[in-house]
file work27.csv (CSV, C-alpha atoms)
chain,number,residue,atom,x,y,z
A,1,MET,CA,20.7,-1.4,-32.1
A,2,GLY,CA,20.5,-1.5,-35.9
A,3,ILE,CA,20.1,0.6,-39.0
A,4,LEU,CA,17.1,3.0,-39.4
A,5,GLN,CA,15.8,4.7,-42.5
A,6,PRO,CA,13.8,7.9,-42.7
A,7,GLY,CA,10.3,7.3,-41.4
A,8,ASP,CA,11.3,4.4,-39.1
A,9,GLN,CA,10.4,4.6,-35.5
A,10,LEU,CA,13.3,4.7,-32.9
A,11,PRO,CA,13.1,2.1,-30.1
A,12,THR,CA,11.8,3.6,-26.9
A,13,ALA,CA,14.4,4.7,-24.3
A,14,ARG,CA,13.2,1.9,-22.1
A,15,GLU,CA,13.8,-0.7,-24.9
A,16,VAL,CA,17.3,0.6,-25.5
A,17,VAL,CA,18.1,0.6,-21.8
A,18,ALA,CA,16.8,-3.0,-21.3
A,19,LYS,CA,18.9,-4.2,-24.2
A,20,LEU,CA,22.2,-2.3,-23.6
A,21,ALA,CA,22.1,-1.9,-19.8
A,22,ILE,CA,23.1,1.7,-19.9
A,23,ASN,CA,21.9,4.8,-18.0
A,24,PRO,CA,18.4,5.9,-19.2
A,25,ASN,CA,19.4,9.6,-18.9
A,26,THR,CA,22.2,8.9,-21.4
A,27,VAL,CA,19.7,7.5,-23.9
A,28,LEU,CA,17.3,10.4,-23.4
A,29,LYS,CA,20.2,12.9,-23.9
A,30,ALA,CA,21.2,11.2,-27.1
A,31,TYR,CA,17.6,11.3,-28.4
A,32,ARG,CA,17.5,15.0,-27.5
A,33,ASP,CA,20.8,15.6,-29.4
A,34,LEU,CA,19.4,13.8,-32.5
A,35,GLU,CA,16.2,15.9,-32.3
A,36,ARG,CA,18.2,19.1,-32.0
A,37,GLU,CA,20.2,18.2,-35.1
A,38,GLY,CA,16.9,17.6,-36.9
A,39,LEU,CA,17.6,14.0,-37.6
A,40,VAL,CA,14.7,12.7,-35.6
A,41,ALA,CA,11.3,14.1,-34.5
A,42,ALA,CA,9.2,13.2,-31.6
A,43,ARG,CA,5.5,12.7,-32.3
A,44,PRO,CA,3.5,13.1,-29.0
A,45,GLY,CA,1.9,9.9,-28.0
A,46,GLN,CA,3.5,7.9,-30.8
A,47,GLY,CA,7.2,7.9,-30.4
A,48,THR,CA,10.3,9.2,-32.0
A,49,PHE,CA,10.8,8.9,-35.8
A,50,VAL,CA,13.7,9.4,-38.2
A,51,SER,CA,13.0,12.5,-40.2
A,52,HIS,CA,15.9,12.3,-42.7
A,53,GLY,CA,19.2,10.5,-43.1
A,54,LEU,CA,22.7,11.8,-42.8
A,55,ASP,CA,23.9,13.7,-45.8
A,56,SER,CA,25.2,10.7,-47.6
A,57,PRO,CA,25.1,9.6,-51.2
A,58,ASP,CA,22.3,7.4,-52.4
A,59,PRO,CA,22.6,3.5,-52.1
A,60,ALA,CA,23.5,3.1,-55.7
A,61,THR,CA,26.5,5.5,-55.5
A,62,PHE,CA,27.6,3.6,-52.3
A,63,ALA,CA,27.4,0.3,-54.2
A,64,ARG,CA,29.3,1.6,-57.2
A,65,PHE,CA,32.3,2.7,-55.0
A,66,ALA,CA,32.2,-0.4,-52.9
A,67,ALA,CA,32.5,-2.5,-56.1
A,68,GLN,CA,35.4,-0.4,-57.3
A,69,LEU,CA,37.2,-0.8,-53.9
A,70,SER,CA,36.5,-4.6,-54.0
A,71,ARG,CA,38.2,-4.8,-57.5
A,72,TRP,CA,41.1,-2.8,-56.3
A,73,MET,CA,41.5,-5.1,-53.3
A,74,SER,CA,41.5,-8.2,-55.5
A,75,ALA,CA,44.3,-6.6,-57.5
A,76,ALA,CA,46.3,-5.7,-54.4
A,77,GLN,CA,45.9,-9.2,-53.0
A,78,ALA,CA,47.0,-10.7,-56.3
A,79,ALA,CA,50.1,-8.5,-56.1
A,80,GLY,CA,50.9,-10.1,-52.7
A,81,LEU,CA,49.7,-7.6,-50.2
A,82,GLY,CA,48.1,-8.8,-47.0
A,83,PRO,CA,45.2,-7.3,-45.0
A,84,GLU,CA,47.5,-5.1,-42.9
A,85,ASP,CA,49.2,-3.7,-45.9
A,86,ILE,CA,45.9,-2.9,-47.5
A,87,GLU,CA,44.6,-1.3,-44.4
A,88,ALA,CA,47.8,0.8,-44.1
A,89,ILE,CA,47.4,2.1,-47.6
A,90,TYR,CA,43.8,2.8,-47.1
A,91,ARG,CA,44.3,4.7,-43.8
A,92,THR,CA,47.2,6.7,-45.2
A,93,ALA,CA,45.1,7.7,-48.2
A,94,VAL,CA,42.2,8.8,-46.0
A,95,ARG,CA,44.5,10.7,-43.7
A,96,ASP,CA,46.2,12.5,-46.6
A,97,ARG,CA,43.0,13.5,-48.2
A,98,PHE,CA,41.0,14.6,-45.2
A,99,ALA,CA,43.7,15.7,-42.8
A,100,GLU,CA,42.8,19.3,-42.2
A,101,GLY,CA,43.1,21.0,-38.9
A,102,VAL,CA,44.9,18.0,-37.3
A,103,ALA,CA,48.2,18.7,-35.8
B,1,MET,CA,13.6,11.8,-16.0
B,2,ASN,CA,10.9,14.2,-16.6
B,3,PRO,CA,11.5,17.9,-16.8
B,4,ASP,CA,9.0,18.9,-14.1
B,5,ARG,CA,10.1,16.2,-11.7
B,6,ASP,CA,10.4,16.7,-7.9
B,7,VAL,CA,13.4,18.9,-7.2
B,8,THR,CA,13.6,17.8,-3.5
B,9,PRO,CA,17.1,16.4,-3.0
B,10,THR,CA,17.0,12.6,-2.8
B,11,ILE,CA,19.6,12.6,0.0
B,12,GLU,CA,20.9,15.6,2.0
B,13,THR,CA,23.5,15.2,4.7
B,14,PHE,CA,24.9,17.8,7.0
B,15,GLY,CA,28.2,17.1,8.8
B,16,LEU,CA,27.3,13.5,9.0
B,17,GLY,CA,29.7,11.2,11.0
B,18,ARG,CA,29.8,7.8,12.5
B,19,ARG,CA,32.4,6.6,15.0
B,20,TYR,CA,33.0,3.0,16.1
B,21,GLY,CA,35.0,3.2,19.3
B,22,ARG,CA,37.9,5.5,18.4
B,23,ARG,CA,37.7,5.0,14.6
B,24,TRP,CA,35.6,7.3,12.4
B,25,ALA,CA,34.0,5.2,9.7
B,26,LEU,CA,32.5,8.4,8.2
B,27,ARG,CA,33.2,12.0,8.9
B,28,ASP,CA,32.3,15.5,7.8
B,29,CYS,CA,29.9,14.2,5.2
B,30,THR,CA,27.9,17.1,3.7
B,31,LEU,CA,26.2,16.1,0.5
B,32,THR,CA,23.2,17.0,-1.6
B,33,LEU,CA,22.2,14.4,-4.2
B,34,PRO,CA,19.5,15.1,-6.8
B,35,GLN,CA,16.6,12.8,-7.7
B,36,GLY,CA,16.3,11.0,-11.0
B,37,HIS,CA,19.9,9.8,-11.3
B,38,VAL,CA,21.7,6.5,-11.0
B,39,ILE,CA,24.3,7.6,-8.5
B,40,GLY,CA,27.6,5.7,-8.1
B,41,LEU,CA,29.1,5.6,-4.7
B,42,VAL,CA,32.7,4.6,-5.3
B,43,GLY,CA,35.8,4.2,-3.2
B,44,PRO,CA,38.2,1.6,-1.8
B,45,ASN,CA,37.1,-0.9,0.8
B,46,GLY,CA,36.7,0.7,4.2
B,47,ALA,CA,36.1,4.1,2.7
B,48,GLY,CA,32.7,4.5,4.5
B,49,LYS,CA,30.3,3.6,1.7
B,50,THR,CA,28.4,0.9,3.6
B,51,THR,CA,28.2,3.1,6.7
B,52,LEU,CA,26.8,6.0,4.7
B,53,LEU,CA,24.2,3.7,3.0
B,54,HIS,CA,23.2,2.2,6.3
B,55,ILE,CA,22.6,5.6,7.8
B,56,VAL,CA,20.5,6.7,4.8
B,57,ALA,CA,18.5,3.5,5.0
B,58,GLY,CA,17.7,4.3,8.6
B,59,LEU,CA,19.6,1.2,9.9
B,60,LEU,CA,22.3,3.1,11.7
B,61,GLU,CA,22.2,6.2,13.9
B,62,PRO,CA,24.9,8.8,13.0
B,63,THR,CA,27.3,9.9,15.7
B,64,THR,CA,27.2,13.5,14.4
B,65,GLY,CA,25.2,15.5,11.9
B,66,ASP,CA,21.9,14.9,10.3
B,67,VAL,CA,20.5,13.3,7.2
B,68,ARG,CA,17.3,13.9,5.2
B,69,VAL,CA,16.0,11.4,2.7
B,70,LEU,CA,13.4,12.5,0.1
B,71,GLY,CA,12.9,15.6,2.2
B,72,ALA,CA,12.1,13.9,5.5
B,73,SER,CA,13.9,12.2,8.4
B,74,ALA,CA,15.5,8.9,7.5
B,75,ARG,CA,13.9,7.2,10.4
B,76,ASP,CA,10.4,8.3,9.6
B,77,LEU,CA,8.2,5.2,8.8
B,78,ARG,CA,6.7,6.9,5.8
B,79,THR,CA,10.2,7.7,4.5
B,80,LEU,CA,11.3,4.1,5.0
B,81,SER,CA,8.3,2.8,3.0
B,82,ARG,CA,9.7,4.8,0.0
B,83,ILE,CA,13.3,3.5,0.3
B,84,GLY,CA,14.5,0.1,-1.0
B,85,PHE,CA,17.7,-1.3,0.4
B,86,VAL,CA,19.7,-4.4,-0.7
B,87,ALA,CA,22.6,-5.2,1.6
B,88,GLN,CA,25.9,-6.4,0.3
B,89,ASP,CA,25.3,-10.1,1.1
B,90,LYS,CA,21.8,-10.1,-0.4
B,91,PRO,CA,20.2,-11.6,2.7
B,92,LEU,CA,17.5,-14.1,1.8
B,93,TYR,CA,16.3,-16.9,4.1
B,94,PRO,CA,18.0,-20.0,2.7
B,95,ARG,CA,15.2,-22.4,3.7
B,96,PHE,CA,12.5,-20.1,2.2
B,97,THR,CA,11.4,-20.7,-1.4
B,98,VAL,CA,11.4,-17.8,-3.8
B,99,GLU,CA,7.6,-17.8,-3.5
B,100,ASP,CA,7.9,-17.6,0.4
B,101,MET,CA,10.2,-14.6,0.0
B,102,LEU,CA,7.7,-12.9,-2.3
B,103,ARG,CA,4.9,-13.5,0.1
B,104,MET,CA,6.9,-12.1,2.9
B,105,GLY,CA,7.6,-9.0,0.8
B,106,GLY,CA,3.9,-8.6,0.3
B,107,TRP,CA,3.1,-8.8,4.0
B,108,LEU,CA,5.8,-6.4,5.0
B,109,ASN,CA,5.3,-3.7,2.3
B,110,PRO,CA,2.0,-1.8,1.9
B,111,GLY,CA,2.4,-0.8,-1.8
B,112,TRP,CA,3.6,-4.3,-2.9
B,113,ASP,CA,3.6,-5.0,-6.6
B,114,ARG,CA,3.4,-8.8,-6.8
B,115,ALA,CA,2.5,-9.0,-10.5
B,116,SER,CA,5.6,-7.2,-11.7
B,117,ALA,CA,7.9,-9.1,-9.3
B,118,LEU,CA,6.5,-12.4,-10.7
B,119,GLU,CA,6.9,-11.1,-14.2
B,120,ARG,CA,10.5,-10.1,-13.6
B,121,LEU,CA,11.4,-13.5,-12.1
B,122,ALA,CA,9.6,-15.4,-14.8
B,123,GLY,CA,11.5,-13.5,-17.5
B,124,LEU,CA,14.7,-14.8,-15.8
B,125,ASP,CA,13.5,-18.4,-15.5
B,126,ILE,CA,13.8,-18.4,-11.8
B,127,PRO,CA,11.5,-21.1,-10.4
B,128,LEU,CA,9.3,-19.9,-7.6
B,129,GLU,CA,9.4,-23.3,-5.7
B,130,GLN,CA,13.1,-23.3,-5.4
B,131,ARG,CA,14.7,-22.7,-2.0
B,132,CYS,CA,16.8,-19.6,-1.8
B,133,GLY,CA,19.7,-21.5,-0.4
B,134,SER,CA,20.1,-23.4,-3.6
B,135,LEU,CA,20.0,-20.4,-6.0
B,136,SER,CA,23.1,-19.3,-7.9
B,137,GLY,CA,24.7,-16.0,-7.0
B,138,GLY,CA,23.1,-14.3,-9.9
B,139,GLN,CA,19.7,-15.7,-9.2
B,140,ARG,CA,19.9,-14.7,-5.5
B,141,ALA,CA,20.8,-11.2,-6.6
B,142,GLN,CA,17.8,-11.1,-8.9
B,143,VAL,CA,15.4,-12.3,-6.2
B,144,ALA,CA,16.7,-9.7,-3.8
B,145,LEU,CA,16.3,-7.0,-6.6
B,146,ALA,CA,12.8,-8.3,-7.5
B,147,ILE,CA,11.8,-7.9,-3.8
B,148,ALA,CA,13.3,-4.5,-3.5
B,149,LEU,CA,11.6,-3.3,-6.7
B,150,GLY,CA,8.3,-4.9,-5.7
B,151,LYS,CA,8.2,-2.4,-2.9
B,152,ARG,CA,8.1,0.3,-5.7
B,153,PRO,CA,10.6,2.5,-3.9
B,154,ASP,CA,11.3,6.1,-4.9
B,155,LEU,CA,14.9,5.6,-3.8
B,156,LEU,CA,16.8,2.3,-4.1
B,157,LEU,CA,20.0,1.8,-2.2
B,158,LEU,CA,22.3,-1.1,-3.5
B,159,ASP,CA,25.4,-1.9,-1.6
B,160,GLU,CA,27.9,-3.7,-3.9
B,161,PRO,CA,25.1,-5.5,-5.8
B,162,VAL,CA,27.2,-7.1,-8.5
B,163,ALA,CA,30.6,-7.6,-6.8
B,164,ASN,CA,30.3,-11.4,-6.7
B,165,LEU,CA,28.5,-12.0,-10.0
B,166,ASP,CA,30.0,-13.2,-13.2
B,167,PRO,CA,29.9,-10.7,-16.2
B,168,LEU,CA,26.7,-12.2,-17.7
B,169,ALA,CA,24.8,-12.1,-14.4
B,170,ARG,CA,26.1,-8.6,-13.8
B,171,ARG,CA,24.7,-7.4,-17.1
B,172,GLN,CA,21.3,-9.1,-16.5
B,173,PHE,CA,21.1,-7.5,-13.1
B,174,MET,CA,21.8,-4.1,-14.6
B,175,GLN,CA,19.3,-4.6,-17.4
B,176,VAL,CA,16.5,-5.3,-15.0
B,177,LEU,CA,17.5,-2.5,-12.7
B,178,LEU,CA,17.9,0.1,-15.5
B,179,GLU,CA,14.7,-0.9,-17.3
B,180,HIS,CA,12.8,-0.2,-14.0
B,181,VAL,CA,14.6,3.2,-13.7
B,182,ALA,CA,13.6,4.1,-17.3
B,183,ALA,CA,10.0,3.1,-16.6
B,184,THR,CA,9.6,4.8,-13.2
B,185,GLY,CA,12.3,7.5,-12.8
B,186,MET,CA,13.3,5.9,-9.5
B,187,THR,CA,16.6,7.2,-8.0
B,188,VAL,CA,19.3,4.7,-7.4
B,189,VAL,CA,22.4,4.9,-5.3
B,190,LEU,CA,24.7,2.0,-6.1
B,191,SER,CA,28.0,1.4,-4.4
B,192,SER,CA,30.8,-0.5,-6.2
B,193,HIS,CA,34.5,-0.8,-6.6
B,194,LEU,CA,34.0,-2.1,-10.2
B,195,LEU,CA,34.5,1.0,-12.2
B,196,ALA,CA,34.8,-0.2,-15.8
B,197,ASP,CA,31.6,-2.2,-15.6
B,198,LEU,CA,29.5,0.6,-14.3
B,199,GLU,CA,30.9,3.5,-16.2
B,200,ARG,CA,27.8,3.4,-18.5
B,201,VAL,CA,25.4,3.0,-15.7
B,202,TRP,CA,26.1,5.9,-13.4
B,203,ASP,CA,25.3,9.5,-14.4
B,204,TYR,CA,26.3,11.0,-11.0
B,205,LEU,CA,29.3,10.1,-9.0
B,206,VAL,CA,30.2,10.3,-5.3
B,207,LEU,CA,33.7,9.4,-4.5
B,208,MET,CA,34.7,8.4,-1.0
B,209,SER,CA,38.1,7.6,0.5
B,210,ALA,CA,39.5,7.7,4.0
B,211,SER,CA,36.0,8.1,5.5
B,212,ARG,CA,35.3,11.3,3.6
B,213,ILE,CA,33.6,12.5,0.5
B,214,GLN,CA,36.2,13.5,-2.0
B,215,LEU,CA,34.0,14.3,-5.0
B,216,SER,CA,30.4,14.6,-5.9
B,217,ALA,CA,29.2,15.6,-9.3
B,218,PRO,CA,27.3,14.6,-12.5
B,219,THR,CA,29.5,12.3,-14.6
B,220,ASP,CA,29.2,14.4,-17.7
B,221,GLU,CA,30.5,17.4,-15.8
B,222,LEU,CA,33.5,15.3,-14.6
B,223,LEU,CA,34.2,14.1,-18.1
B,224,HIS,CA,33.9,17.6,-19.5
B,225,GLU,CA,36.2,19.2,-16.9
B,226,HIS,CA,39.0,16.6,-16.7
B,227,ARG,CA,41.8,16.1,-19.2
B,228,VAL,CA,45.0,14.0,-19.5
B,229,LEU,CA,48.0,16.1,-20.6
B,230,THR,CA,51.4,15.0,-21.7
B,231,GLY,CA,54.2,17.4,-22.2
B,232,PRO,CA,57.6,18.7,-21.0
B,233,PRO,CA,58.3,18.4,-17.3
B,234,SER,CA,59.8,21.9,-17.3
B,235,LYS,CA,56.3,23.4,-18.0
B,236,VAL,CA,54.4,21.6,-15.3
B,237,GLY,CA,54.5,24.7,-13.2
B,238,ALA,CA,52.7,26.8,-15.8
B,239,ILE,CA,49.9,24.3,-16.1
B,240,ALA,CA,49.6,24.0,-12.3
B,241,ALA,CA,49.2,27.8,-12.1
B,242,ALA,CA,46.2,27.8,-14.4
B,243,HIS,CA,44.5,24.4,-13.7
B,244,ALA,CA,44.0,22.1,-10.8
B,245,VAL,CA,46.4,19.2,-11.2
B,246,VAL,CA,44.8,16.2,-9.7
B,247,GLN,CA,47.6,13.7,-10.4
B,248,SER,CA,51.0,13.9,-12.0
B,249,SER,CA,53.6,11.4,-13.0
B,250,MET,CA,57.0,12.4,-14.2
B,251,ALA,CA,59.5,10.7,-16.5
B,252,ASP,CA,62.8,12.2,-17.7
B,253,ARG,CA,61.4,13.8,-20.8
B,254,GLN,CA,57.7,13.6,-20.3
B,255,ALA,CA,55.1,14.6,-17.7
B,256,THR,CA,51.6,13.1,-17.6
B,257,LEU,CA,49.0,15.1,-15.7
B,258,LEU,CA,45.4,14.6,-15.0
B,259,ILE,CA,43.9,18.1,-14.6
B,260,ARG,CA,40.6,19.6,-13.8
B,261,ALA,CA,40.8,22.3,-16.5
B,262,GLY,CA,40.2,25.9,-15.6
B,263,GLY,CA,39.9,26.7,-19.3
B,264,PRO,CA,41.4,25.5,-22.6
B,265,VAL,CA,45.1,24.5,-22.7
B,266,HIS,CA,46.7,26.7,-25.4
B,267,ASP,CA,50.4,25.7,-25.2
B,268,PRO,CA,51.2,23.5,-28.2
B,269,ASP,CA,53.9,21.7,-26.2
B,270,TRP,CA,51.1,19.9,-24.4
B,271,SER,CA,48.9,17.3,-26.0
B,272,ALA,CA,45.5,16.9,-24.4
B,273,ARG,CA,43.0,14.1,-24.5
B,274,PRO,CA,39.7,13.5,-22.6
B,275,ALA,CA,40.0,11.6,-19.3
B,276,SER,CA,37.9,8.5,-18.8
B,277,LEU,CA,35.7,8.2,-15.7
B,278,GLU,CA,38.0,5.4,-14.5
B,279,GLU,CA,41.1,7.5,-14.8
B,280,ILE,CA,39.4,10.4,-13.0
B,281,VAL,CA,38.2,8.2,-10.1
B,282,LEU,CA,41.6,6.5,-9.8
B,283,ALA,CA,43.4,9.8,-9.8
B,284,TYR,CA,41.2,11.2,-6.9
B,285,MET,CA,41.5,7.9,-5.0
B,286,ARG,CA,45.3,8.0,-5.2
B,287,THR,CA,45.4,11.7,-4.2
B,288,PRO,CA,42.9,12.0,-1.3
B,289,LEU,CA,42.3,15.6,-0.6
B,290,ALA,CA,43.3,15.3,3.0
B,291,GLY,CA,41.8,18.0,5.1
B,292,ALA,CA,39.8,19.4,2.2
B,293,GLY,CA,36.7,19.4,4.4
B,294,PRO,CA,33.2,19.0,3.1
B,295,VAL,CA,32.9,19.0,-0.6
B,296,LEU,CA,29.6,20.1,-1.9
B,297,SER,CA,30.4,19.8,-5.6
B,298,LEU,CA,33.2,20.2,-7.9
B,299,VAL,CA,32.6,23.9,-8.1
B,300,GLY,CA,34.8,25.6,-5.5
B,301,SER,CA,38.4,26.4,-4.8
B,302,PRO,CA,40.9,24.7,-7.0
B,303,LEU,CA,42.1,21.3,-5.8
B,304,ARG,CA,45.8,20.7,-5.7
B,305,GLY,CA,47.2,17.3,-6.0
B,306,SER,CA,50.6,16.2,-4.7
B,307,ARG,CA,53.5,15.7,-7.1
call {"tool": "encode", "arguments": {"input": "work27.csv", "output": "structure tokens"}}
result
Amino acid sequence: MGILQPGDQLPTAREVVAKLAINPNTVLKAYRDLEREGLVAARPGQGTFVSHGLDSPDPATFARFAAQLSRWMSAAQAAGLGPEDIEAIYRTAVRDRFAEGVA
Amino acid sequence: MNPDRDVTPTIETFGLGRRYGRRWALRDCTLTLPQGHVIGLVGPNGAGKTTLLHIVAGLLEPTTGDVRVLGASARDLRTLSRIGFVAQDKPLYPRFTVEDMLRMGGWLNPGWDRASALERLAGLDIPLEQRCGSLSGGQRAQVALAIALGKRPDLLLLDEPVANLDPLARRQFMQVLLEHVAATGMTVVLSSHLLADLERVWDYLVLMSASRIQLSAPTDELLHEHRVLTGPPSKVGAIAAAHAVVQSSMADRQATLLIRAGGPVHDPDWSARPASLEEIVLAYMRTPLAGAGPVLSLVGSPLRGSR
């Protein structure tokens, strides 16, 4: 449905249903889950609003690492690696770093 | 849709059955369905879905048992005014224009909402002066739906509404239907044999096969309780002792089971993953619980599948 920032209003359940053709109870349940996790808050008579974002770094940090990755990819491409090779390296690296509790 | 909504069951049946000559089209059907859901009625052709819908709509007299719809008799005129029904072939008079059909809807239904029916059809670019006989399949389905919704029913019964529609028309049909559900909280019972398409639409499932109800439960409960396990064939017995095995398939070195879990599976020899709604439905369809009798809900004695 799109990207929302803190303070933005969520579409109404009816709008989500009309667009995605999914069960309205599913949408309401998702909204309740978001509310329970404190990510959104319902204001009576107005709608549901984003209270704060996920615990993610600020956009500038994001951009810095995206630029570094892009440079690394250029180098990998220059060394003759294709998209599958690059993806395999990336996935393995992510798995090695974050693989805890996975059998 | 709203926490203090009416808790009267939308449909209650007690030992419902219908016989045609010597053949039972429906038997031992005891069922309680809540309001405020989009209820999927699934099963192979000839399972009894249409018979059940026709009895609930007051179009067919049961041979045995009883049915209550929205807390009253299904043949009570006041009940009928609260039920919408769209038959499988979406019957419209081919020589009538769309406008004629809407006018007829207005004459036949006391609480007729012409404005919203017009708005709905305008949103889909369906011209009112066109004869129903020359509409496309998708347009015909939309006109039938607009008339059914124009009645502002509390319960809408749809018999295979999207079976003959292309994917785009199917999606448009569901968008219009579900938006109305979101706005009004109307209960829908929708029969279909198209599982993948409707997985996101249903939040309650009634599975029929061989003229009987095999399963009736909220979909999130079904998804929560069922798992697909793969592991060593030698350990199938231990799993079957602790869980209800709905379906199993064996290869030399590996067994694949679909279980209704009686608790977590601890044995590391088994790998488990969630089962999709389609897998659950197909498993129960392939393994009819012959002689299981009336099934009120999933909660009850463990169900044993055949090997």
call {"tool": "residues_around", "arguments": {"input": "work27.csv", "residues": "Asn23 of chain A", "least_positions_apart": "5", "cutoff": "9 Å", "atoms": "all atoms listed in the file", "output": "JSON, numbers by chain"}}
result
{"A": [17], "B": [37, 38, 178, 181, 182, 200, 201, 202, 203]}
call {"tool": "residues_around", "arguments": {"input": "work27.csv", "residues": "Phe173 of chain B", "least_positions_apart": "3", "cutoff": "9 Å", "atoms": "all atoms listed in the file", "output": "NGL selection string"}}
result
(:A and (21)) or (:B and (138 or 141-142 or 145 or 161-162 or 168-170 or 176-178))
call {"tool": "residues_around", "arguments": {"input": "work27.csv", "residues": "Arg140 of chain B", "least_positions_apart": "5", "cutoff": "9 Å", "atoms": "only C-alpha atoms", "output": "compact mmCIF listing (two decimals) with C-alpha atoms, keeping the file's coordinate frame"}}
result
# COMPACT_ATOMS: atom_id res chain seq x y z
CA LYS B 90 21.80 -10.10 -0.40
CA PRO B 91 20.20 -11.60 2.70
CA LEU B 92 17.50 -14.10 1.80
CA CYS B 132 16.80 -19.60 -1.80
CA GLY B 133 19.70 -21.50 -0.40
CA SER B 134 20.10 -23.40 -3.60
CA LEU B 135 20.00 -20.40 -6.00
CA LEU B 145 16.30 -7.00 -6.60
call {"tool": "interface_residues", "arguments": {"input": "work27.csv", "of": "chain A", "to": "chain B", "cutoff": "9 Å", "atoms": "all atoms listed in the file", "output": "list of chain:residue names"}}
result
A:Ala13, A:Arg14, A:Glu15, A:Val16, A:Val17, A:Ala18, A:Lys19, A:Leu20, A:Ala21, A:Ile22, A:Asn23, A:Pro24, A:Asn25, A:Thr26, A:Leu28
call {"tool": "atom_distance", "arguments": {"input": "work27.csv", "atom1": "atom CA of Arg68 of chain B", "atom2": "atom CA of Gly46 of chain B"}}
result
23.5 Å
